[in-house]
Structures are given as structure tokens and as C-alpha cells.
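Coordinates as given in final25.txt (compact mmCIF, C-alpha atoms):
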```txt
# COMPACT_ATOMS: atom_id res chain seq x y z
CA MET A 277 47.64 -21.36 16.91
CA ARG A 278 46.31 -21.87 13.44
CA GLN A 279 45.86 -18.71 11.51
CA LEU A 280 42.40 -17.96 10.24
CA SER A 281 42.15 -18.66 6.57
CA ARG A 282 40.36 -16.21 4.36
CA ARG A 283 37.52 -18.69 3.97
CA ASP A 284 37.11 -19.13 7.76
CA ALA A 285 37.04 -15.40 8.27
CA LEU A 286 34.29 -15.05 5.68
CA ALA A 287 32.26 -17.84 7.28
CA LEU A 288 32.56 -16.18 10.69
CA GLY A 289 31.42 -12.89 9.26
CA ALA A 290 28.47 -14.53 7.55
CA SER A 291 27.28 -16.30 10.70
CA GLY A 292 27.60 -13.02 12.61
CA ALA A 293 25.43 -11.32 10.03
CA ALA A 294 22.90 -14.14 10.18
CA LEU A 295 22.69 -13.72 13.96
CA THR A 296 22.03 -10.02 13.59
CA ILE A 297 19.25 -10.68 11.13
CA THR A 298 17.62 -13.27 13.41
CA GLY A 299 17.81 -10.83 16.30
CA TRP A 300 15.99 -8.26 14.21
CA SER A 301 13.19 -10.52 13.10
CA THR A 302 12.46 -11.65 16.67
CA SER A 303 11.93 -8.08 17.85
CA ALA A 304 9.75 -7.33 14.82
CA SER A 305 7.60 -10.41 15.35
CA ALA A 306 7.33 -9.58 19.08
CA ALA A 307 5.62 -6.31 18.15
CA ALA A 308 3.42 -8.13 15.66
CA LYS A 309 2.54 -10.69 18.34
CA GLU A 310 1.58 -7.92 20.75
CA ALA A 311 -0.57 -6.40 18.01
CA ALA A 312 -2.25 -9.78 17.42
CA GLU A 313 -2.88 -10.10 21.17
CA GLN A 314 -4.50 -6.69 21.26
CA ILE A 315 -6.75 -7.64 18.33
CA ALA A 316 -7.68 -10.96 20.00
CA LYS A 317 -8.64 -9.04 23.14
CA PHE A 318 -10.77 -6.67 21.07
CA THR A 319 -12.62 -9.45 19.21
CA GLY A 320 -12.85 -11.69 22.26
CA GLY A 321 -11.02 -14.42 20.35
CA LYS A 322 -13.37 -14.32 17.34
CA THR A 323 -11.88 -14.22 13.85
CA ALA A 324 -12.58 -10.99 12.04
CA GLU A 325 -13.77 -11.32 8.44
CA LYS A 326 -11.48 -9.66 5.94
CA GLY A 327 -13.09 -6.80 4.03
CA LYS A 328 -15.61 -3.95 4.42
CA VAL A 329 -12.92 -1.91 6.17
CA THR A 330 -10.87 0.58 4.14
CA ILE A 331 -7.70 2.17 5.46
CA GLU A 332 -6.35 5.20 3.67
CA LEU A 333 -2.68 5.94 4.23
CA PRO A 334 0.07 7.32 2.03
CA GLU A 335 2.03 4.52 0.33
CA ILE A 336 5.26 6.15 1.45
CA ALA A 337 5.33 8.32 4.57
CA GLU A 338 8.38 10.55 4.43
CA ASN A 339 7.94 11.76 7.98
CA GLY A 340 6.80 9.12 10.47
CA ASN A 341 5.99 11.85 13.00
CA THR A 342 2.70 12.68 11.40
CA VAL A 343 1.06 10.36 8.91
CA PRO A 344 -2.54 11.06 7.84
CA LEU A 345 -4.83 8.07 8.28
CA SER A 346 -8.48 7.55 7.41
CA VAL A 347 -10.53 4.50 8.21
CA SER A 348 -14.00 3.74 6.94
CA VAL A 349 -16.33 0.79 7.20
CA ASP A 350 -18.83 -0.13 4.52
CA ALA A 351 -21.66 -0.95 6.91
CA PRO A 352 -25.00 0.63 7.89
CA MET A 353 -25.27 3.20 10.69
CA THR A 354 -28.88 2.72 11.82
CA ALA A 355 -30.20 2.70 15.37
CA ASP A 356 -30.22 -1.11 15.63
CA ASN A 357 -27.32 -2.02 13.33
CA TYR A 358 -24.23 0.13 13.34
CA VAL A 359 -20.45 0.08 13.60
CA SER A 360 -19.81 0.51 17.31
CA GLU A 361 -16.01 0.32 17.55
CA ILE A 362 -12.95 0.58 15.35
CA LEU A 363 -9.55 -0.57 16.64
CA LEU A 364 -6.34 0.62 14.99
CA VAL A 365 -3.00 -1.09 15.63
CA ALA A 366 0.47 -0.61 14.19
CA GLU A 367 2.53 -3.81 13.93
CA GLY A 368 5.94 -2.14 13.99
CA ASN A 369 5.68 0.55 16.67
CA PRO A 370 7.17 0.17 20.18
CA ASN A 371 3.55 -0.09 21.39
CA PRO A 372 1.09 -1.46 18.85
CA GLY A 373 -1.92 0.54 20.07
CA VAL A 374 -2.88 3.56 17.98
CA ALA A 375 -6.49 4.36 18.84
CA THR A 376 -9.92 2.92 19.45
CA PHE A 377 -12.94 4.80 18.15
CA HIS A 378 -16.36 4.28 19.70
CA LEU A 379 -19.28 5.30 17.54
CA SER A 380 -22.98 5.67 18.22
CA PRO A 381 -25.73 5.69 15.56
CA LEU A 382 -25.59 9.50 15.91
CA ALA A 383 -22.21 9.43 14.14
CA GLY A 384 -24.15 8.79 10.92
CA LYS A 385 -21.18 7.44 9.01
CA ALA A 386 -18.56 4.84 9.99
CA GLU A 387 -15.58 6.92 9.04
CA ALA A 388 -12.87 8.77 10.96
CA SER A 389 -9.50 10.36 10.30
CA THR A 390 -6.50 11.28 12.41
CA ARG A 391 -2.74 11.67 12.17
CA ILE A 392 -0.46 8.98 13.53
CA ARG A 393 3.18 8.27 14.38
CA LEU A 394 5.03 5.38 12.75
CA ALA A 395 8.44 4.15 13.89
CA THR A 396 9.23 2.18 10.76
CA THR A 397 7.81 0.56 7.63
CA GLN A 398 4.95 -1.62 8.81
CA ASN A 399 1.38 -2.86 8.53
CA ILE A 400 -1.51 -0.90 10.00
CA ILE A 401 -4.46 -3.08 10.93
CA ALA A 402 -8.02 -1.88 11.49
CA VAL A 403 -10.71 -4.04 13.09
CA ALA A 404 -14.33 -2.91 13.16
CA LYS A 405 -17.01 -4.21 15.47
CA THR A 406 -20.71 -3.88 14.72
CA SER A 407 -23.52 -3.60 17.25
CA LYS A 408 -24.54 -7.12 16.17
CA GLY A 409 -21.16 -8.47 17.27
CA GLU A 410 -19.67 -8.97 13.79
CA PHE A 411 -16.00 -8.19 13.20
CA PHE A 412 -14.39 -6.96 9.99
CA THR A 413 -10.74 -6.25 9.36
CA ASN A 414 -8.24 -5.05 6.84
CA GLN A 415 -4.61 -3.98 6.80
CA LYS A 416 -2.37 -1.70 4.84
CA LEU A 417 1.39 -1.54 4.44
CA VAL A 418 3.01 1.85 4.78
CA LYS A 419 6.65 2.59 3.98
CA VAL A 420 8.27 5.03 6.38
CA THR A 421 11.36 7.02 5.39
CA ILE A 422 12.09 8.72 8.74
CA GLY A 423 10.65 7.10 11.86
CA GLY A 424 8.51 9.10 14.24
CA CYS A 425 9.32 7.57 17.60
CA GLY A 426 12.23 8.19 19.93
CA GLY A 427 14.57 10.69 18.31
CA MET B 12 -1.56 23.56 28.57
CA ALA B 13 -4.74 25.55 28.37
CA GLU B 14 -4.49 25.73 24.62
CA LYS B 15 -7.62 26.57 22.69
CA PRO B 16 -9.04 23.74 20.59
CA ARG B 17 -9.80 24.35 16.95
CA LEU B 18 -13.12 23.16 15.53
CA LYS B 19 -14.60 23.08 12.08
CA ILE B 20 -18.31 22.37 12.10
CA PRO B 21 -21.23 23.81 10.09
CA LYS B 22 -23.57 26.26 11.88
CA GLU B 23 -26.71 25.35 9.96
CA VAL B 24 -27.82 22.03 8.52
CA LYS B 25 -30.87 20.33 7.06
CA LYS B 26 -32.68 17.83 9.29
CA GLY B 27 -31.11 14.39 9.08
CA GLU B 28 -27.98 15.62 7.35
CA VAL B 29 -24.66 13.86 8.08
CA ILE B 30 -22.03 16.48 8.74
CA GLU B 31 -18.25 16.31 8.98
CA ILE B 32 -16.61 17.56 12.18
CA LYS B 33 -12.91 18.39 12.37
CA THR B 34 -11.18 18.92 15.70
CA LEU B 35 -7.64 19.74 16.73
CA LEU B 36 -6.14 20.42 20.14
CA PRO B 37 -2.63 21.90 20.35
CA HIS B 38 -0.71 19.41 22.54
CA VAL B 39 2.79 17.86 22.54
CA MET B 40 1.52 14.24 22.83
CA GLU B 41 4.79 13.25 24.52
CA SER B 42 5.04 9.56 23.67
CA GLY B 43 7.16 8.38 26.62
CA GLN B 44 9.60 6.91 24.09
CA ARG B 45 11.84 9.94 23.65
CA LYS B 46 14.99 10.63 25.68
CA ASP B 47 16.31 14.01 26.75
CA LYS B 48 19.92 15.22 26.36
CA ASP B 49 21.05 13.25 29.44
CA GLY B 50 19.54 10.03 28.12
CA LYS B 51 16.64 10.06 30.55
CA THR B 52 13.24 9.07 29.22
CA ILE B 53 10.85 11.98 28.96
CA PRO B 54 7.69 10.86 30.77
CA ARG B 55 4.59 10.19 28.73
CA LYS B 56 2.04 12.99 28.57
CA ILE B 57 -0.71 12.62 26.03
CA ILE B 58 -4.37 13.31 25.46
CA ASN B 59 -5.73 9.83 26.12
CA LYS B 60 -9.43 10.42 25.50
CA PHE B 61 -11.60 12.50 23.23
CA VAL B 62 -15.37 12.62 23.56
CA CYS B 63 -18.02 14.26 21.40
CA GLU B 64 -21.61 14.49 22.64
CA PHE B 65 -24.70 16.05 21.08
CA ASN B 66 -27.39 17.28 23.47
CA GLY B 67 -25.86 15.03 26.14
CA LYS B 68 -25.90 11.89 23.97
CA PRO B 69 -22.63 10.22 22.91
CA VAL B 70 -21.69 10.58 19.24
CA PHE B 71 -18.03 9.67 18.96
CA THR B 72 -15.34 8.74 21.49
CA ALA B 73 -11.68 8.01 20.83
CA ASP B 74 -9.22 6.27 23.17
CA LEU B 75 -5.84 7.53 22.06
CA ASP B 76 -2.41 5.91 22.39
CA PRO B 77 1.01 7.60 22.12
CA ALA B 78 1.01 6.69 18.41
CA ILE B 79 -1.26 9.67 17.76
CA ALA B 80 0.77 12.59 16.36
CA ALA B 81 1.28 15.86 18.23
CA ASN B 82 -1.65 18.30 18.10
CA PRO B 83 -4.19 15.47 17.92
CA TYR B 84 -6.42 15.90 14.90
CA ILE B 85 -9.64 13.92 14.83
CA GLN B 86 -12.21 14.00 12.09
CA PHE B 87 -15.53 12.17 12.22
CA HIS B 88 -19.19 12.54 11.30
CA ALA B 89 -22.50 13.24 12.99
CA LYS B 90 -26.11 12.88 11.89
CA VAL B 91 -28.08 15.93 12.99
CA ASP B 92 -31.85 15.53 13.49
CA GLU B 93 -32.48 18.50 15.78
CA SER B 94 -30.96 21.82 16.77
CA GLY B 95 -28.63 21.61 19.72
CA THR B 96 -25.14 21.75 21.11
CA PHE B 97 -22.09 19.65 20.41
CA LYS B 98 -19.80 19.26 23.40
CA PHE B 99 -16.17 18.19 22.95
CA THR B 100 -13.94 16.97 25.78
CA TRP B 101 -10.23 16.17 25.72
CA THR B 102 -8.61 14.40 28.71
CA ASP B 103 -4.88 14.72 29.42
CA ASP B 104 -2.80 12.04 31.22
CA ASP B 105 -2.37 14.54 34.09
CA GLY B 106 -6.15 14.84 34.48
CA THR B 107 -6.51 18.22 32.78
CA ILE B 108 -9.78 18.46 30.91
CA THR B 109 -10.31 20.81 27.97
CA THR B 110 -13.83 21.38 26.71
CA ALA B 111 -15.47 23.23 23.85
CA GLU B 112 -19.05 23.70 22.73
CA GLU B 113 -20.58 24.51 19.39
CA LYS B 114 -24.24 25.24 18.63
CA ILE B 115 -25.91 23.99 15.49
CA THR B 116 -29.29 24.92 13.99
CA VAL B 117 -31.51 22.66 11.93
CA SER B 118 -33.26 24.73 9.27
```
The structure in this file should be written as C-alpha cells.
Amino acid sequence: MRQLSRRDALALGASGAALTITGWSTSASAAAKEAAEQIAKFTGGKTAEKGKVTIELPEIAENGNTVPLSVSVDAPMTADNYVSEILLVAEGNPNPGVATFHLSPLAGKAEASTRIRLATTQNIIAVAKTSKGEFFTNQKLVKVTIGGCGG
Amino acid sequence: MAEKPRLKIPKEVKKGEVIEIKTLLPHVMESGQRKDKDGKTIPRKIINKFVCEFNGKPVFTADLDPAIAANPYIQFHAKVDESGTFKFTWTDDDGTITTAEEKITVS
């Protein structure tokens, strides 16, 4: 049996590492795909227009167990034209769903805040639906130091 | 799990004013992702729905997923045109319902 040369050993190691990386990216994109599916279900297949939605999140979340999040939509809240729903999804969590807010004109202002869990560094996407059937979206990247799932 | 919810809401407002309402219910929000010492998954147990009504009319509802942190905190707004009562309802996965009411006066 031929002995492995130093170069062969390195090549083997490199391909192993490449495999690991590919494995990683598939699982990450699976979560993102699930998030995209959830958004498509929410919009009924329509494309949401980018803008009008603002997501406030810390740039770096040290503790993924509780991350403050605010979402607001720059749109009127009158009886016949208002923001009726806001969907929040996290692309990198085991389950992408975070919350769905349903608003009535009585809410007065299309804005809500909560505290969320984040497993890892990822994009948070918000999609707003108006009573007229328009969709607006935006996303924000948040870096997570210590994940808040499992444990 | 009959923990008392915490609410922050003004008692008196001017007609037509948009107020901020802060709510928090002490709850573990067990995500269903964690494992116990023996490696068994701890079953999910979360508050999955929050509803706020004013004089019986819906104001704000939230469908919550396990990604909401423990002790779910929800802040939102309400436009107050008349005196009345805000009613808040939290629904647990196990069917337990926690409610709270708060009166508000339009001056």
C-alpha cells in the first residue's frame, strides 16, 4: 500500500472541510426556504414591495434568549385604509415563525414591540399587509453572540 | 401558571389620543427545542395568542411562535375615542386562559 504523501493528506483534509461547509449551507438555506414559504403563504404569492416597514433590533445581540424588537409601518391607520397584519420571520431559527400581529383601525398606529429568541446570526424579515391588500417588506441582519434556542 | 399579568396603560386620556400599551405575562414560553438532562425533548408550552379588545371591539391580536422570549412582552398602541374598558387575553398551549381588564376615561 502506497503511503499517503503530505500533499495527499492535505487534499483529503481540504475536501473534508469543504463537505462540512456545504453541509452547513444546506441547513441554513433550508431554514431560509421555509421562511420564504411562510412569507409566500402570507402574501398569497404576491411580491411585497420593499420599504415603508422599519425593524428596530440591536446590531449585535449578546444574548439570543431575549432580543428586543420593534416593527413599525409608515402607512395610515384610518377606518378604510390601515395596516391589518404584520408577519415576522427569522431566517436562521429552527422554526422561522416569530409572530403575526393583527391590527384594527383602533390600534391607531402601525407599530408594535416584543422580545424574541434568536438561535444564531441571521436576517429578520417583516412583511406588512394593508386593508387594501398591499404588501410591504423589509429585513434586518442581527448578529447573535450566544444563541437562544436549545441549550 | 396563574401568574398575574403586568400592564402599563394610562388611566385618563384626551378624546382621539393614541396611547401606548405595554403588557407582560410571566410565562416560561418553553420552545419545544430544549432537552432535559436525559436528552429528552421538553415539550412545547407557550402562550400562542394574545388579544386586546376595547369595549368588545378588536384592537390588536398577536399569534405567537416559540421564538418569542420567556415572559412575553408585547407593546402596541390604541386610539381612544370614548371611555371604556380594555380587555386582554392570553391563551396557553394547554388551553389555560389568563385575562385582565383596565378601565380608561376620556376627559
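For the atom pair formed by atom CA of A:Arg391 and atom CA of B:Pro83, the distance is 7.0 Å, given to one decimal.
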(message) Near chain A, meaning an atom within 9 Å, which residues of chain B appear when counting only C-alpha atoms? Write them as a PyMOL selection string.
(response) chain B and resi 28-30+33+42-46+65+68-91
(request) Please indicate the distance in Å from atom CA of B:Glu14 to atom CA of B:Glu31, rounded to one decimal place. (result) 22.9 Å
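You will find atom CA of A:Thr323 at 27.4 Å from atom CA of B:Lys60.
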(message) Show me, as a list in words, the residues that have an atom within 9 Å of stretch 96-107 of chain B when counting only C-alpha atoms, minus same-chain residues fewer than 2 positions from it.
(response) Met12, Ala13, Thr34, Leu36, Arg55, Lys56, Ile57, Ile58, Asn59, Lys60, Phe61, Val62, Cys63, Glu64, Phe65, Asn66, Gly67, Ser94, Thr109, Thr110, Ala111, Glu112, Glu113, Lys114, Ile115 and Thr116 of chain B
(request) Would you kindly return, as a ChimeraX atom specification, each protein, DNA or RNA residue with an atom no farther than 12 Å from any atom of A:Thr413, considering only C-alpha atoms and excluding same-chain residues fewer than 5 positions away? (result) /A:315,318-319,322-331,347-350,361-365,400-406
(message) If we draw a sphere of 6 Å around (-24.9, -3.3, 17.5), which residues have at least one atom in it when counting all atoms listed in the file? Please report them as a list in words.
(response)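 Nearby residues: Asn357, Tyr358, Thr406, Ser407 and Lys408 of chain A.
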(message) My list of candidates is B:Met40, B:Val117, B:Ile20, B:Ile32. Which is closest to B:Gly95 when distances are computed with only C-alpha atoms?
(response) B:Val117
(message) So, with only C-alpha atoms as the atoms that count, which of A:Ala306, A:Gln314, A:Thr421, A:Val359 lies closest to A:Pro334?
(response)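 Smallest separation from A:Pro334 among the options: A:Thr421.
Residues of protein, DNA and RNA with at least one atom no farther than 7 Å from (10.4, 2.1, 3.4) are, using only C-alpha atoms, Ile336, Thr397, Lys419, Val420 and Thr421 of chain A.
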(request) Would you please work out which residue, of B:Glu93, B:Ile53, B:Glu23, B:Ser118, is nearest to B:Val39 when using only C-alpha atoms? (result)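 Looking only at the distances to B:Val39, the closest residue turns out to be B:Ile53.
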